[in-house]
Structures are given as C-alpha cells and as structure tokens.
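**Student:** One file: target.cif (mmCIF, C-alpha atoms).
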```cif
data_model
loop_
_atom_site.label_atom_id
_atom_site.label_comp_id
_atom_site.auth_asym_id
_atom_site.auth_seq_id
_atom_site.Cartn_x
_atom_site.Cartn_y
_atom_site.Cartn_z
CA PRO A 7 22.08 13.11 -20.35
CA VAL A 8 25.57 11.63 -20.04
CA HIS A 9 25.83 7.96 -20.97
CA GLU A 10 29.36 7.16 -19.79
CA ILE A 11 29.37 4.40 -17.19
CA LYS A 12 31.71 5.25 -14.33
CA LEU A 13 31.30 3.47 -11.02
CA ASP A 14 33.53 3.41 -7.97
CA VAL A 15 32.20 -0.08 -7.24
CA LEU A 16 30.76 -2.74 -9.52
CA PRO A 17 26.96 -2.84 -9.86
CA SER A 18 27.03 -6.50 -8.83
CA GLN A 19 28.79 -5.49 -5.61
CA LEU A 20 25.90 -3.18 -4.75
CA ASP A 21 23.38 -6.04 -4.79
CA GLY A 22 21.55 -6.44 -1.52
CA LEU A 23 22.87 -3.32 0.20
CA PHE A 24 19.55 -1.59 -0.40
CA TYR A 25 16.44 -3.74 -0.20
CA GLY A 26 15.53 -4.82 -3.70
CA THR A 27 17.69 -2.31 -5.56
CA GLU A 28 20.38 -4.28 -7.34
CA ASN A 29 20.16 -2.05 -10.40
CA ILE A 30 19.46 1.19 -8.59
CA PHE A 31 22.23 2.97 -10.51
CA PHE A 32 21.24 1.54 -13.89
CA SER A 33 17.48 1.85 -13.70
CA ASN A 34 16.93 4.45 -16.40
CA VAL A 35 18.61 6.11 -19.34
CA PHE A 36 19.73 9.23 -17.55
CA ILE A 37 22.15 8.27 -14.79
CA TYR A 38 25.18 6.51 -16.17
CA HIS A 39 27.88 8.92 -15.06
CA ILE A 40 28.10 8.03 -11.38
CA THR A 41 30.77 9.91 -9.46
CA LYS A 42 32.10 9.70 -5.94
CA SER A 43 29.39 12.11 -4.87
CA LEU A 44 26.78 9.38 -5.23
CA THR A 45 28.89 6.41 -4.18
CA SER A 46 30.69 8.05 -1.27
CA GLY A 47 28.73 5.85 1.09
CA PHE A 48 30.42 2.73 -0.19
CA ARG A 49 33.93 1.31 0.06
CA SER A 50 34.82 -1.55 -2.28
CA LYS A 51 38.01 -2.76 -0.59
CA CYS A 52 37.42 -5.34 2.10
CA GLN A 53 38.35 -8.96 2.57
CA SER A 54 35.04 -10.36 1.36
CA GLY A 55 35.28 -8.43 -1.90
CA LEU A 56 32.02 -6.64 -1.10
CA PRO A 57 31.68 -2.96 -0.23
CA ILE A 58 31.19 -1.79 3.34
CA LEU A 59 28.20 0.48 3.85
CA LEU A 60 29.65 3.55 5.53
CA ASP A 61 26.66 5.86 5.40
CA LEU A 62 23.10 5.80 4.12
CA LEU A 63 22.06 8.05 1.25
CA LYS A 64 20.09 10.89 2.87
CA ASP A 65 17.97 13.79 1.71
CA LEU A 66 18.44 17.48 2.50
CA GLU A 67 16.68 17.04 5.85
CA GLY A 68 19.09 14.28 6.86
CA LYS A 69 16.46 11.57 6.51
CA ARG A 70 17.17 8.24 4.85
CA ILE A 71 16.13 8.24 1.19
CA GLN A 72 13.20 5.91 0.57
CA ALA A 73 13.43 5.05 -3.13
CA HIS A 74 13.93 1.30 -3.16
CA GLY A 75 13.92 -0.50 -6.51
CA GLY A 76 14.61 3.00 -7.75
CA SER A 77 14.93 4.80 -11.06
CA VAL A 78 16.16 8.23 -12.10
CA ILE A 79 14.62 10.41 -14.82
CA TYR A 80 15.99 13.75 -16.07
CA ILE A 81 13.46 16.52 -16.79
CA ASN A 82 14.32 20.13 -17.64
CA GLY A 83 17.59 20.26 -15.72
CA THR A 84 16.42 18.25 -12.70
CA TYR A 85 17.06 14.62 -11.80
CA TYR A 86 14.12 12.86 -10.17
CA PHE A 87 15.00 9.77 -8.11
CA TYR A 88 11.92 7.69 -7.27
CA GLY A 89 11.13 4.24 -5.92
CA GLU A 90 9.29 2.21 -3.30
CA ASN A 91 8.77 4.00 -0.01
CA LYS A 92 9.69 1.55 2.80
CA GLU A 93 9.52 4.00 5.70
CA LYS A 94 6.81 1.99 7.48
CA THR A 95 8.20 -1.46 6.62
CA ASP A 96 9.86 -3.34 9.48
CA GLY A 97 9.61 -6.94 8.24
CA LYS A 98 7.00 -7.81 10.87
CA ASN A 99 3.96 -5.59 10.33
CA GLY A 100 2.98 -6.86 6.89
CA ILE A 101 3.61 -3.50 5.22
CA TRP A 102 5.51 -4.04 1.96
CA HIS A 103 5.43 -0.43 0.79
CA TRP A 104 3.94 2.96 1.53
CA GLY A 105 3.59 4.23 -2.02
CA VAL A 106 6.16 5.61 -4.46
CA ARG A 107 8.34 8.41 -3.13
CA CYS A 108 10.37 10.91 -5.16
CA TYR A 109 13.43 13.12 -4.63
CA ALA A 110 14.75 15.94 -6.82
CA SER A 111 18.34 17.08 -7.44
CA ARG A 112 20.30 19.18 -9.90
CA ASP A 113 23.70 17.73 -8.98
CA LEU A 114 23.00 14.04 -8.09
CA TYR A 115 24.22 14.77 -4.56
CA ASN A 116 21.71 17.02 -2.81
CA TRP A 117 18.27 15.39 -2.86
CA GLU A 118 15.06 17.23 -1.92
CA ASP A 119 12.18 15.09 -0.73
CA LYS A 120 9.17 15.72 -3.01
CA GLY A 121 6.92 13.33 -1.09
CA LEU A 122 4.68 10.57 -2.37
CA ILE A 123 3.94 10.77 -6.08
CA ILE A 124 1.87 7.56 -5.98
CA PRO A 125 0.30 7.13 -2.52
CA PRO A 126 -0.77 3.77 -1.07
CA GLU A 127 -4.44 2.79 -1.02
CA ALA A 128 -4.61 1.70 2.60
CA ASP A 129 -8.42 1.51 2.72
CA ASP A 130 -8.73 -1.06 -0.09
CA PRO A 131 -7.24 -4.49 0.75
CA GLU A 132 -7.92 -5.67 -2.82
CA SER A 133 -5.95 -2.84 -4.42
CA SER A 134 -2.53 -3.47 -5.92
CA LEU A 135 -1.51 -0.28 -4.13
CA HIS A 136 -2.55 -1.54 -0.70
CA PRO A 137 0.47 -1.44 1.66
CA ALA A 138 0.42 -5.25 1.99
CA SER A 139 0.56 -5.69 -1.80
CA GLN A 140 4.03 -6.61 -3.02
CA MET A 141 4.47 -3.66 -5.36
CA ASP A 142 7.98 -2.87 -6.52
CA ARG A 143 10.32 -1.46 -9.18
CA PRO A 144 8.24 1.48 -10.47
CA HIS A 145 9.23 2.85 -13.87
CA ILE A 146 7.93 6.08 -15.44
CA ILE A 147 8.37 7.33 -19.01
CA TYR A 148 6.96 10.32 -20.87
CA ASN A 149 4.71 9.99 -23.92
CA LYS A 150 5.29 13.06 -26.05
CA ASP A 151 2.19 12.37 -28.18
CA THR A 152 -0.34 12.03 -25.35
CA LYS A 153 1.69 14.39 -23.14
CA LYS A 154 1.26 11.96 -20.26
CA TYR A 155 3.71 10.44 -17.82
CA VAL A 156 3.09 6.69 -17.73
CA ALA A 157 4.03 4.61 -14.67
CA TRP A 158 4.27 0.81 -14.61
CA LEU A 159 4.47 -1.03 -11.29
CA LYS A 160 5.31 -4.72 -10.86
CA ILE A 161 2.95 -6.57 -8.52
CA MET A 162 3.96 -9.92 -6.98
CA ASN A 163 0.66 -11.67 -6.27
CA LYS A 164 -0.13 -14.13 -3.49
CA ASP A 165 -0.59 -16.99 -6.00
CA GLY A 166 3.00 -16.57 -7.24
CA THR A 167 2.10 -14.77 -10.49
CA GLN A 168 3.37 -11.30 -11.31
CA THR A 169 1.25 -8.64 -12.98
CA GLU A 170 1.45 -4.92 -13.74
CA THR A 171 -0.44 -1.86 -12.60
CA VAL A 172 -0.32 1.10 -15.00
CA LEU A 173 -1.02 4.75 -14.10
CA THR A 174 -0.85 8.06 -15.96
CA ALA A 175 -0.39 11.70 -14.97
CA ASP A 176 -0.17 15.10 -16.65
CA GLU A 177 2.80 16.11 -14.47
CA PHE A 178 5.71 13.94 -13.34
CA LEU A 179 4.99 14.55 -9.66
CA GLY A 180 1.37 13.54 -10.16
CA PRO A 181 -1.38 13.04 -9.33
CA TYR A 182 -1.43 9.63 -11.03
CA THR A 183 -4.60 7.80 -12.05
CA LYS A 184 -4.81 4.02 -12.41
CA VAL A 185 -5.71 2.95 -15.94
CA ARG A 186 -4.87 -0.77 -15.72
CA GLU A 187 -4.61 -3.23 -12.85
CA GLY A 188 -3.82 -6.94 -12.94
CA LEU A 189 -2.32 -6.57 -16.42
CA LYS A 190 -0.65 -9.81 -17.56
CA PRO A 191 1.41 -8.72 -20.58
CA LEU A 192 1.29 -11.25 -23.44
CA ASN A 193 -0.46 -13.53 -20.94
CA MET A 194 2.92 -14.04 -19.27
CA SER A 195 3.97 -13.78 -15.65
CA ALA A 196 6.05 -10.62 -15.96
CA GLY A 197 8.86 -9.96 -13.49
CA ASP A 198 11.57 -7.29 -13.26
CA PHE A 199 11.38 -4.84 -16.14
CA ASP A 200 12.42 -1.58 -17.75
CA LEU A 201 10.66 0.83 -20.10
CA ALA A 202 12.32 2.66 -22.97
CA ALA A 203 11.04 5.23 -25.46
CA ALA A 204 12.82 5.68 -28.80
CA PRO A 205 13.35 9.10 -30.41
CA ASP A 206 10.52 8.35 -32.87
CA GLY A 207 8.10 7.92 -29.96
CA LYS A 208 7.82 4.14 -30.12
CA ALA A 209 8.21 2.53 -26.69
CA TYR A 210 9.33 -0.88 -25.46
CA TYR A 211 8.85 -3.00 -22.36
CA TYR A 212 11.80 -5.22 -21.40
CA PHE A 213 10.90 -7.81 -18.78
CA GLU A 214 11.83 -11.13 -17.26
CA ARG A 215 9.39 -13.84 -18.17
CA VAL A 216 9.60 -15.29 -14.69
CA HIS A 217 12.38 -17.88 -14.40
CA SER A 218 12.53 -18.36 -18.16
CA GLU A 219 13.82 -15.64 -20.53
CA THR A 220 13.96 -11.93 -21.31
CA ILE A 221 11.15 -10.44 -23.41
CA CYS A 222 11.20 -7.19 -25.40
CA ALA A 223 7.60 -6.19 -26.15
CA ASP A 224 6.24 -3.26 -28.15
CA LEU A 225 4.04 -0.87 -26.20
CA THR A 226 0.81 0.57 -27.56
CA ALA A 227 0.80 4.18 -28.74
CA ASP A 228 -0.36 5.40 -25.31
CA TYR A 229 2.27 3.25 -23.50
CA THR A 230 -0.35 1.64 -21.25
CA ASP A 231 -0.35 -1.90 -22.73
CA VAL A 232 1.57 -4.19 -25.08
CA THR A 233 0.65 -4.63 -28.76
CA GLY A 234 1.28 -8.38 -28.90
CA TYR A 235 4.50 -8.08 -30.90
CA TYR A 236 7.66 -9.15 -29.04
CA SER A 237 11.06 -10.81 -29.25
CA THR A 238 12.73 -13.28 -26.86
CA HIS A 239 16.31 -13.23 -25.52
CA PHE A 240 18.66 -15.09 -23.15
CA PRO A 241 16.60 -18.27 -22.60
CA HIS A 242 17.73 -20.31 -19.58
CA PRO A 243 16.17 -23.38 -17.95
CA TYR A 244 16.22 -22.14 -14.35
CA PRO A 245 17.77 -19.72 -11.82
CA PRO A 246 20.37 -18.46 -11.15
CA TYR A 247 21.11 -18.28 -14.89
CA VAL A 248 17.84 -16.60 -15.86
CA ARG A 249 18.38 -12.86 -16.27
CA GLU A 250 16.37 -10.29 -14.28
CA ALA A 251 16.53 -6.63 -13.18
CA THR A 252 16.83 -5.64 -16.83
CA ALA A 253 18.05 -2.08 -17.49
CA HIS A 254 18.17 -0.62 -21.01
CA PHE A 255 20.18 2.29 -22.40
CA VAL A 256 21.53 3.61 -25.70
CA ARG A 257 25.11 4.74 -26.34
CA LYS A 258 26.53 5.75 -29.71
CA ASN A 259 23.52 4.31 -31.54
CA LYS A 260 23.82 0.91 -29.85
CA HIS A 261 21.28 -0.54 -27.46
CA TYR A 262 22.53 -2.17 -24.26
CA LEU A 263 20.93 -4.30 -21.58
CA ILE A 264 22.41 -4.68 -18.09
CA THR A 265 20.96 -7.68 -16.24
CA SER A 266 21.35 -9.53 -12.97
CA GLY A 267 21.25 -13.26 -12.31
CA THR A 268 18.28 -14.66 -10.38
CA THR A 269 19.72 -15.03 -6.88
CA GLY A 270 17.16 -13.01 -4.94
CA TYR A 271 18.97 -10.42 -2.82
CA LEU A 272 22.30 -12.25 -2.87
CA PRO A 273 25.09 -10.74 -5.01
CA ASN A 274 25.90 -12.11 -8.48
CA PRO A 275 27.83 -10.86 -11.51
CA SER A 276 25.91 -8.48 -13.76
CA GLU A 277 25.93 -9.12 -17.50
CA ALA A 278 25.85 -6.65 -20.38
CA ALA A 279 24.50 -7.32 -23.86
#
```
The structure in this file should be written as structure tokens.
**Tutor:**
Amino acid sequence: PVHEIKLDVLPSQLDGLFYGTENIFFSNVFIYHITKSLTSGFRSKCQSGLPILLDLLKDLEGKRIQAHGGSVIYINGTYYFYGENKEKTDGKNGIWHWGVRCYASRDLYNWEDKGLIIPPEADDPESSLHPASQMDRPHIIYNKDTKKYVAWLKIMNKDGTQTETVLTADEFLGPYTKVREGLKPLNMSAGDFDLAAAPDGKAYYYFERVHSETICADLTADYTDVTGYYSTHFPHPYPPYVREATAHFVRKNKHYLITSGTTGYLPNPSEAA
C-alpha cells in the first residue's frame, strides 16, 4: 500500500457530500494516495469554499456506489471498498440501511459491485442488523492468527447509547457470522471508530467516547472484544471540539490519527495527530 496523502480537495471539504462519510477517503490504512481518478467528481473552487458535486461515484454498471461511512482494504492486488448500503433509504420509510455492500477494483477507478457482504436481518426487529437499526461505519480487519476477517459495526441505539456488533468470516466477502451484539466496550458509549492491526498481530480499537474524548483500546487476541487496557487522548468538554471519525495510519514508523470535529454532517476542519 502507498501511504502518501494526496488529495485534490481537503478531507474537511468533503464532509457532508456523501451521507455520513466525512472520512471516506481516510477510513483505512490502504488508500492514502488519492488521485484525480477518484476525486474527479469534485471541484474545490467555488465562492463558498466548498466543492461542487459534479458527478456521483458509480460502479461498472453505471449505478451509484452504495458504500456510505465507507472503508477500503487491500487484499492480494485488489481494493475492496465497502460501507453502508443506503439504496432503500429515502429519509421517510424508516430504513436506515440495507446491509453492508462491497465493491472491488484494481485501479481505484473502476469498481465492480460484489453485492451485500453483510445482509440486513429484515425479519428480526430486535436485531442490530434490522434495516431500521442505526448501523453505520463498518470496519473490517484480518486476524492472521485465527485466519478470520473481523467486522465491527457501530450501532446508535434508541436510548442514545452507542454499542458495537462484531462478526467474523473466513473470506472477506463473507458469509459473516455475528459473535457479539450490544457490546459496550470498556462500559463506554462508543461512537465513531477505526481498527488497526500492528505487524506483530496485536490490534487496536480507536473510538470516540461519545462527546468526551478519544480512546485507544487493546483488542483481544481474536479481535472480537477489548482487553480492558486503554489510553485516553484529546479530552474536550463538549462538541464541536470533541474529536470523532477517527482514522489511523502508519507512515515511516509513525502513527497518525486524522479526526473530525463533532458537527454532525456540517463541514469542519480535520485535525491530524
């Protein structure tokens, strides 16, 4: 993977153009060299200082890509771009998502629709994967010891708390099996997050302790829970200063975090640490 950051527009300028995807281009460790091929749908010069959306990102069939709150992972020469499938969401019908959809590309420009890798559970209203459940920002990492792909999904519950659903699969494209639901890491309300696996196999869970601070927690050996050991960063008393949409990467042996301010879907300056 190439780790050079090269954007035609600032990540903060992209906020709000795609529903819930303010860090769509920073969501994983593999896609930091962004060229005009991926940002050709945006123009950054306009009076408001925000880009004008010229065209929607589409797949090889000409259909709009449904990978909101998305991430990209690189496996054996192929980039997989996955995220929330909003194809049935219209803002009125109560459908928040229709599973997690995935697209594959070898050049970051031509994207083949691979379908749903985590389907919704439409027949179970109590499931965190029910279409009315506010599931977002899926992240998937590979555990080389268990040889499993591990997916974490953030769930925004009706009582205002945020929990995690964890699934595993033998292959990246699934099928995935739920292993945890209603997980409250460290007994905290856990918001936007990222997952990162170190070369030695140890993995970490970076998340926003809702409207408070950023937490870096150690994952268990199977990557499906936290160990209880963690560190705290960037404490702030309230939004918009609290950091969210955390994205982690490593460049030249240094760890970096790109974060957004807490302004919902309104633009704000990103910060790097």
**Student:** Report the residues retrieved by the PyMOL selection byres ((chain A and resi 91) around 10) from the displayed file, expressed as a ChimeraX atom specification.
**Tutor:** /A:71-76,88-90,92-95,102-108,121-122,124-126,142
**Student:** Rounded to one decimal in Å, what is the spacing between CA of Gly100 in chain A and CA of Ile161 in chain A?
**Tutor:** 15.4 Å
**Student:** Have a look at A:Thr230, A:Thr220, A:Ala202, A:Ile123 and name the one nearest to Tyr182 in chain A; count only C-alpha atoms.
**Tutor:**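 Closest to Tyr182 in chain A of all the choices is A:Ile123.
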**Student:** What would the selection look like, as number ranges by chain, if the PyMOL selection byres ((chain A and resi 257-267) around 7) were run on the coordinates I just shared?
**Tutor:** A: 9, 246-256, 268-269, 274-279
**Student:** Might you spell out which residues the PyMOL selection byres ((chain A and resi 117) around 10) would select in the displayed file, as a list of chain:residue names?
**Tutor:**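 For this structure, the PyMOL selection byres ((chain A and resi 117) around 10) resolves to A:Leu63, A:Lys64, A:Asp65, A:Leu66, A:Glu67, A:Gly68, A:Ile71, A:Tyr85, A:Tyr86, A:Phe87, A:Cys108, A:Tyr109, A:Ala110, A:Ser111, A:Arg112, A:Asp113, A:Leu114, A:Tyr115, A:Asn116, A:Glu118, A:Asp119, A:Lys120.
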**Student:** Given the point (-2.5, 13.5, -15.7) in the file's coordinates, find the residues that have an atom at most 12 Å from it, counting all atoms listed in the file, and give them as a PyMOL selection string.
**Tutor:** chain A and resi 123+148-149+152-157+173-185
**Student:** Work out how far CA of Ala227 in chain A is from CA of Asp198 in chain A, in Å to one decimal.
**Tutor:**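 Between CA of Asp198 in chain A and CA of Ala227 in chain A the gap is 22.1 Å.
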**Student:** Work out how far apart CA of His217 in chain A and CA of Met162 in chain A are and give it in Å to one decimal.
**Tutor:**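 CA of His217 in chain A sits 13.8 Å away from CA of Met162 in chain A.
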**Student:** Can you sort out range 127-138 of chain A so it carries all heavy atoms, written as a tab-separated table (two decimals), keeping the file's coordinate frame?
**Tutor:**
```tsv
chain	number	residue	atom	x	y	z
A	127	GLU	N	-3.00	2.81	-1.20
A	127	GLU	CA	-4.44	2.79	-1.02
A	127	GLU	C	-4.75	1.90	0.18
A	127	GLU	O	-5.14	0.74	0.04
A	127	GLU	CB	-5.12	2.32	-2.30
A	127	GLU	CG	-4.90	3.28	-3.46
A	127	GLU	CD	-5.60	2.88	-4.75
A	127	GLU	OE1	-6.08	1.73	-4.83
A	127	GLU	OE2	-5.64	3.72	-5.68
A	128	ALA	N	-4.54	2.47	1.36
A	128	ALA	CA	-4.61	1.70	2.60
A	128	ALA	C	-6.01	1.23	2.95
A	128	ALA	O	-6.17	0.29	3.73
A	128	ALA	CB	-4.04	2.54	3.75
A	129	ASP	N	-7.04	1.86	2.38
A	129	ASP	CA	-8.42	1.51	2.72
A	129	ASP	C	-9.00	0.43	1.82
A	129	ASP	O	-10.15	0.03	2.01
A	129	ASP	CB	-9.30	2.76	2.65
A	129	ASP	CG	-8.92	3.81	3.69
A	129	ASP	OD1	-8.42	3.40	4.75
A	129	ASP	OD2	-9.11	5.01	3.42
A	130	ASP	N	-8.22	-0.05	0.84
A	130	ASP	CA	-8.73	-1.06	-0.09
A	130	ASP	C	-7.80	-2.27	-0.11
A	130	ASP	O	-6.80	-2.29	-0.83
A	130	ASP	CB	-8.84	-0.46	-1.50
A	130	ASP	CG	-9.45	-1.44	-2.50
A	130	ASP	OD1	-9.77	-2.58	-2.10
A	130	ASP	OD2	-9.58	-1.07	-3.68
A	131	PRO	N	-8.11	-3.30	0.68
A	131	PRO	CA	-7.24	-4.49	0.75
A	131	PRO	C	-7.07	-5.21	-0.58
A	131	PRO	O	-6.11	-5.96	-0.76
A	131	PRO	CB	-7.96	-5.39	1.77
A	131	PRO	CG	-8.84	-4.48	2.55
A	131	PRO	CD	-9.26	-3.41	1.59
A	132	GLU	N	-8.00	-4.99	-1.52
A	132	GLU	CA	-7.92	-5.67	-2.82
A	132	GLU	C	-7.09	-4.88	-3.83
A	132	GLU	O	-6.81	-5.38	-4.92
A	132	GLU	CB	-9.33	-5.88	-3.38
A	132	GLU	CG	-10.24	-6.72	-2.48
A	132	GLU	CD	-9.64	-8.08	-2.18
A	132	GLU	OE1	-9.14	-8.74	-3.12
A	132	GLU	OE2	-9.67	-8.49	-1.00
A	133	SER	N	-6.70	-3.68	-3.49
A	133	SER	CA	-5.95	-2.84	-4.42
A	133	SER	C	-4.50	-3.29	-4.54
A	133	SER	O	-3.88	-3.71	-3.56
A	133	SER	CB	-5.98	-1.38	-3.95
A	133	SER	OG	-5.09	-0.58	-4.70
A	134	SER	N	-3.95	-3.17	-5.72
A	134	SER	CA	-2.53	-3.47	-5.92
A	134	SER	C	-1.65	-2.43	-5.25
A	134	SER	O	-0.44	-2.65	-5.11
A	134	SER	CB	-2.21	-3.53	-7.42
A	134	SER	OG	-2.50	-2.28	-8.05
A	135	LEU	N	-2.25	-1.32	-4.83
A	135	LEU	CA	-1.51	-0.28	-4.13
A	135	LEU	C	-1.72	-0.33	-2.62
A	135	LEU	O	-1.26	0.55	-1.90
A	135	LEU	CB	-1.90	1.11	-4.66
A	135	LEU	CG	-1.52	1.39	-6.12
A	135	LEU	CD1	-1.99	2.79	-6.52
A	135	LEU	CD2	-0.03	1.25	-6.34
A	136	HIS	N	-2.43	-1.36	-2.14
A	136	HIS	CA	-2.55	-1.54	-0.70
A	136	HIS	C	-1.17	-1.79	-0.11
A	136	HIS	O	-0.33	-2.45	-0.75
A	136	HIS	CB	-3.49	-2.71	-0.39
A	136	HIS	CG	-3.80	-2.85	1.07
A	136	HIS	ND1	-3.01	-3.62	1.93
A	136	HIS	CD2	-4.78	-2.30	1.84
A	136	HIS	CE1	-3.52	-3.55	3.15
A	136	HIS	NE2	-4.59	-2.76	3.13
A	137	PRO	N	-0.87	-1.28	1.08
A	137	PRO	CA	0.47	-1.44	1.66
A	137	PRO	C	0.95	-2.89	1.78
A	137	PRO	O	2.16	-3.15	1.77
A	137	PRO	CB	0.34	-0.79	3.04
A	137	PRO	CG	-0.73	0.23	2.85
A	137	PRO	CD	-1.71	-0.39	1.91
A	138	ALA	N	0.03	-3.84	1.89
A	138	ALA	CA	0.42	-5.25	1.99
A	138	ALA	C	0.70	-5.87	0.63
A	138	ALA	O	1.28	-6.96	0.54
A	138	ALA	CB	-0.66	-6.05	2.71
```
